[in-house]
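Heads up: the structure comes next, in structure tokens.
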Amino acid sequence: MTLEEQFNLIAKEYDCNRRKFIPCFDDYYENTTKLIISNINTPSRVLDLGAGTGLLTYYWYKECQSAEYVLVDIADEMLEISRKRFAGIDRIQHKILDYSKELPEGNFDAIISALSIHHLEDMQKEELFKNIYNKLPIGGVFVNYDQFCAGTTNMNKWCDLYWEKQLLNCGLTDRDIELWKERRKLDNECSVETEIEMLYKCNFSEVKCLYSYHKFSVIVAIK
């Protein structure tokens with residue numbers, strides 16, 4: 001199945017399973033978001049790439065309700081859940097779009113993404129980072145909450161095996177695990193260090209990994 005088909009298939013149960021798939025959920029989504037937003041200029045416009053059900057935007061919106069949010073994804077059934085989540089909030093828009101090919105019109109003060117960019121090949125990642133850079137003002141931020149490899153084959157195997165062991169003991173169904181393994185076949189993880197190098201190569205002035213737990217890290221890049 002394509003990436004779009006895989007995520008449309010799991011759209012309804014996606015949010016309720018996030019805490020099971022991400023052992024560090026609260027630090028990863030909520031606490032790191034609070035740290036970032038408390039230290040940047042209040043954004044007027046935020047773009048969420050691969051927004052899915054709107055989970056990451058939910059945590060940004062909790063801290064910054066004055067901004068306009070544009071959520072893009074290729075999986076319409078995922079976005080439909082987000083539309084229901086934010087029903088009645090005019091400042092949140094949804095667009096079906098392949099962000100690896102184009103970004104929405106206009107500029108943004110902050111561009112964010114969660115668990116999406118690791119599906120791209122490294123060359124696609126770097127091209128995307130160039131496009132993101134061009135959409136930001138000086139001082140604007142790009143924040144990538146993503147899934148990474150450990151850098152070496154042996155260390156990455158450690159992290160993969162430990163993650164799978166956690167998933168097998170957290171109440172997920174056999175179907176959940178089976179679909180997760182199918183989605184894993186579409187992963188193209190790079191290391192945190194490699195992504196930081198890519199972002200510097202794309203002219204970001206400061207890049208830092210603010211949070212890391214095994215496979216999950218949050219990287220902030222400032223233009």
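To be explicit about the labels: the chains of the structure tokens are called A, B, and onward in the order shown, and within each one the residues are counted from 1, while ligands get numbers from 1 in the order they are shown.
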
Hey, what does DSSP flag as strand (DSSP E or B) within region 47-164 of chain A? Can you give it to me as a VMD selection string?
chain A and resid 47 to 49 68 to 73 92 to 96 110 to 114 141 to 147 149

Output the selection as a short mmCIF file (atom, residue, chain, number, x, y, z; two decimals), in the first residue's frame - N, CA, C and O atoms for each residue.
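Resulting contents of result_29.cif:
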data_model
loop_
_atom_site.label_atom_id
_atom_site.label_comp_id
_atom_site.auth_asym_id
_atom_site.auth_seq_id
_atom_site.Cartn_x
_atom_site.Cartn_y
_atom_site.Cartn_z
N LEU A 47 2.46 26.54 9.91
CA LEU A 47 2.19 25.48 8.94
C LEU A 47 2.56 24.14 9.57
O LEU A 47 3.67 23.96 10.07
N ASP A 48 1.63 23.18 9.52
CA ASP A 48 1.86 21.84 10.05
C ASP A 48 1.94 20.87 8.87
O ASP A 48 0.94 20.65 8.16
N LEU A 49 3.12 20.28 8.65
CA LEU A 49 3.35 19.38 7.52
C LEU A 49 3.08 17.93 7.91
O LEU A 49 3.61 17.44 8.90
N GLU A 68 -2.82 31.79 13.11
CA GLU A 68 -3.53 31.08 12.06
C GLU A 68 -2.75 29.80 11.76
O GLU A 68 -1.53 29.84 11.65
N TYR A 69 -3.43 28.67 11.64
CA TYR A 69 -2.79 27.38 11.39
C TYR A 69 -3.26 26.82 10.05
O TYR A 69 -4.45 26.83 9.74
N VAL A 70 -2.29 26.32 9.28
CA VAL A 70 -2.60 25.63 8.02
C VAL A 70 -2.06 24.22 8.15
O VAL A 70 -0.86 24.01 8.35
N LEU A 71 -2.95 23.23 8.06
CA LEU A 71 -2.58 21.82 8.22
C LEU A 71 -2.65 21.13 6.86
O LEU A 71 -3.69 21.18 6.20
N VAL A 72 -1.56 20.49 6.46
CA VAL A 72 -1.55 19.80 5.17
C VAL A 72 -1.21 18.32 5.36
O VAL A 72 -0.44 17.95 6.24
N ASP A 73 -1.81 17.49 4.52
CA ASP A 73 -1.55 16.05 4.55
C ASP A 73 -2.05 15.46 3.24
O ASP A 73 -2.91 16.05 2.57
N ILE A 92 -8.06 27.78 11.83
CA ILE A 92 -7.40 26.53 11.47
C ILE A 92 -7.95 26.03 10.14
O ILE A 92 -9.14 25.78 10.00
N GLN A 93 -7.06 25.92 9.15
CA GLN A 93 -7.43 25.50 7.80
C GLN A 93 -6.78 24.15 7.48
O GLN A 93 -5.71 23.83 8.01
N HIS A 94 -7.39 23.41 6.59
CA HIS A 94 -6.88 22.10 6.17
C HIS A 94 -6.74 22.04 4.66
O HIS A 94 -7.62 22.50 3.93
N LYS A 95 -5.64 21.46 4.20
CA LYS A 95 -5.40 21.32 2.77
C LYS A 95 -4.85 19.92 2.47
O LYS A 95 -3.93 19.46 3.14
N ILE A 96 -5.43 19.26 1.46
CA ILE A 96 -4.87 18.00 0.98
C ILE A 96 -3.73 18.36 0.03
O ILE A 96 -3.95 18.98 -1.01
N ALA A 110 6.27 29.99 11.74
CA ALA A 110 6.73 28.70 12.27
C ALA A 110 6.20 27.59 11.37
O ALA A 110 5.05 27.63 10.93
N ILE A 111 7.06 26.63 11.10
CA ILE A 111 6.66 25.44 10.34
C ILE A 111 6.99 24.23 11.22
O ILE A 111 8.11 24.11 11.72
N ILE A 112 5.99 23.36 11.41
CA ILE A 112 6.14 22.24 12.33
C ILE A 112 5.76 20.95 11.63
O ILE A 112 5.05 20.95 10.62
N SER A 113 6.23 19.83 12.18
CA SER A 113 5.89 18.53 11.62
C SER A 113 6.14 17.46 12.67
O SER A 113 7.08 17.57 13.46
N ALA A 114 5.29 16.44 12.68
CA ALA A 114 5.46 15.34 13.64
C ALA A 114 5.33 13.99 12.94
O ALA A 114 4.32 13.71 12.28
N VAL A 141 11.05 29.77 12.82
CA VAL A 141 11.50 28.46 13.29
C VAL A 141 10.86 27.32 12.51
O VAL A 141 9.70 27.39 12.11
N PHE A 142 11.65 26.27 12.33
CA PHE A 142 11.16 24.99 11.85
C PHE A 142 11.38 23.98 12.96
O PHE A 142 12.48 23.90 13.52
N VAL A 143 10.34 23.23 13.32
CA VAL A 143 10.45 22.26 14.40
C VAL A 143 10.01 20.89 13.86
O VAL A 143 8.87 20.74 13.41
N ASN A 144 10.92 19.92 13.93
CA ASN A 144 10.61 18.58 13.46
C ASN A 144 10.61 17.58 14.61
O ASN A 144 11.65 17.26 15.17
N TYR A 145 9.42 17.12 14.97
CA TYR A 145 9.23 16.07 15.96
C TYR A 145 9.21 14.76 15.16
O TYR A 145 8.21 14.46 14.50
N ASP A 146 10.29 13.99 15.21
CA ASP A 146 10.33 12.89 14.26
C ASP A 146 10.97 11.64 14.84
O ASP A 146 11.38 11.59 16.00
N GLN A 147 11.04 10.64 13.99
CA GLN A 147 11.58 9.33 14.31
C GLN A 147 12.93 9.20 13.59
O GLN A 147 13.01 9.45 12.38
N CYS A 149 17.02 7.17 13.23
CA CYS A 149 17.85 6.01 13.51
C CYS A 149 18.97 6.43 14.47
O CYS A 149 19.20 7.62 14.67
#

Tell me, which residues of region 130-202 of chain A carry DSSP alpha helix (DSSP H), written as a PyMOL selection string?
chain A and resi 130-135+153-168+174-184+192-201

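Taking CA of Lys185 (chain A) as the reference point, CA of His118 (chain A) is found at 11.6 Å.
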
Which of these, A:Cys190, A:His214, A:Ser205, A:Arg175, has the shortest distance to Tyr162 (chain A) once you count only C-alpha atoms?
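Of all the options, A:His214 lies closest to Tyr162 (chain A).
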
Between A:Thr53, A:Ser217, A:Ser212, A:Asn134, smallest distance to Glu80 (chain A) by only C-alpha atoms belongs to A:Thr53

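The nearest approach to Leu136 (chain A) among the residues A:Lys215, A:Lys20, A:Lys101, A:Lys223, with only C-alpha atoms taken into account, belongs to A:Lys223.
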
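Among A:Met198, A:Ala75, A:Leu186, A:Leu56, the residue with the shortest atom-to-atom distance to Gln124 (chain A), counting only C-alpha atoms, is A:Met198.
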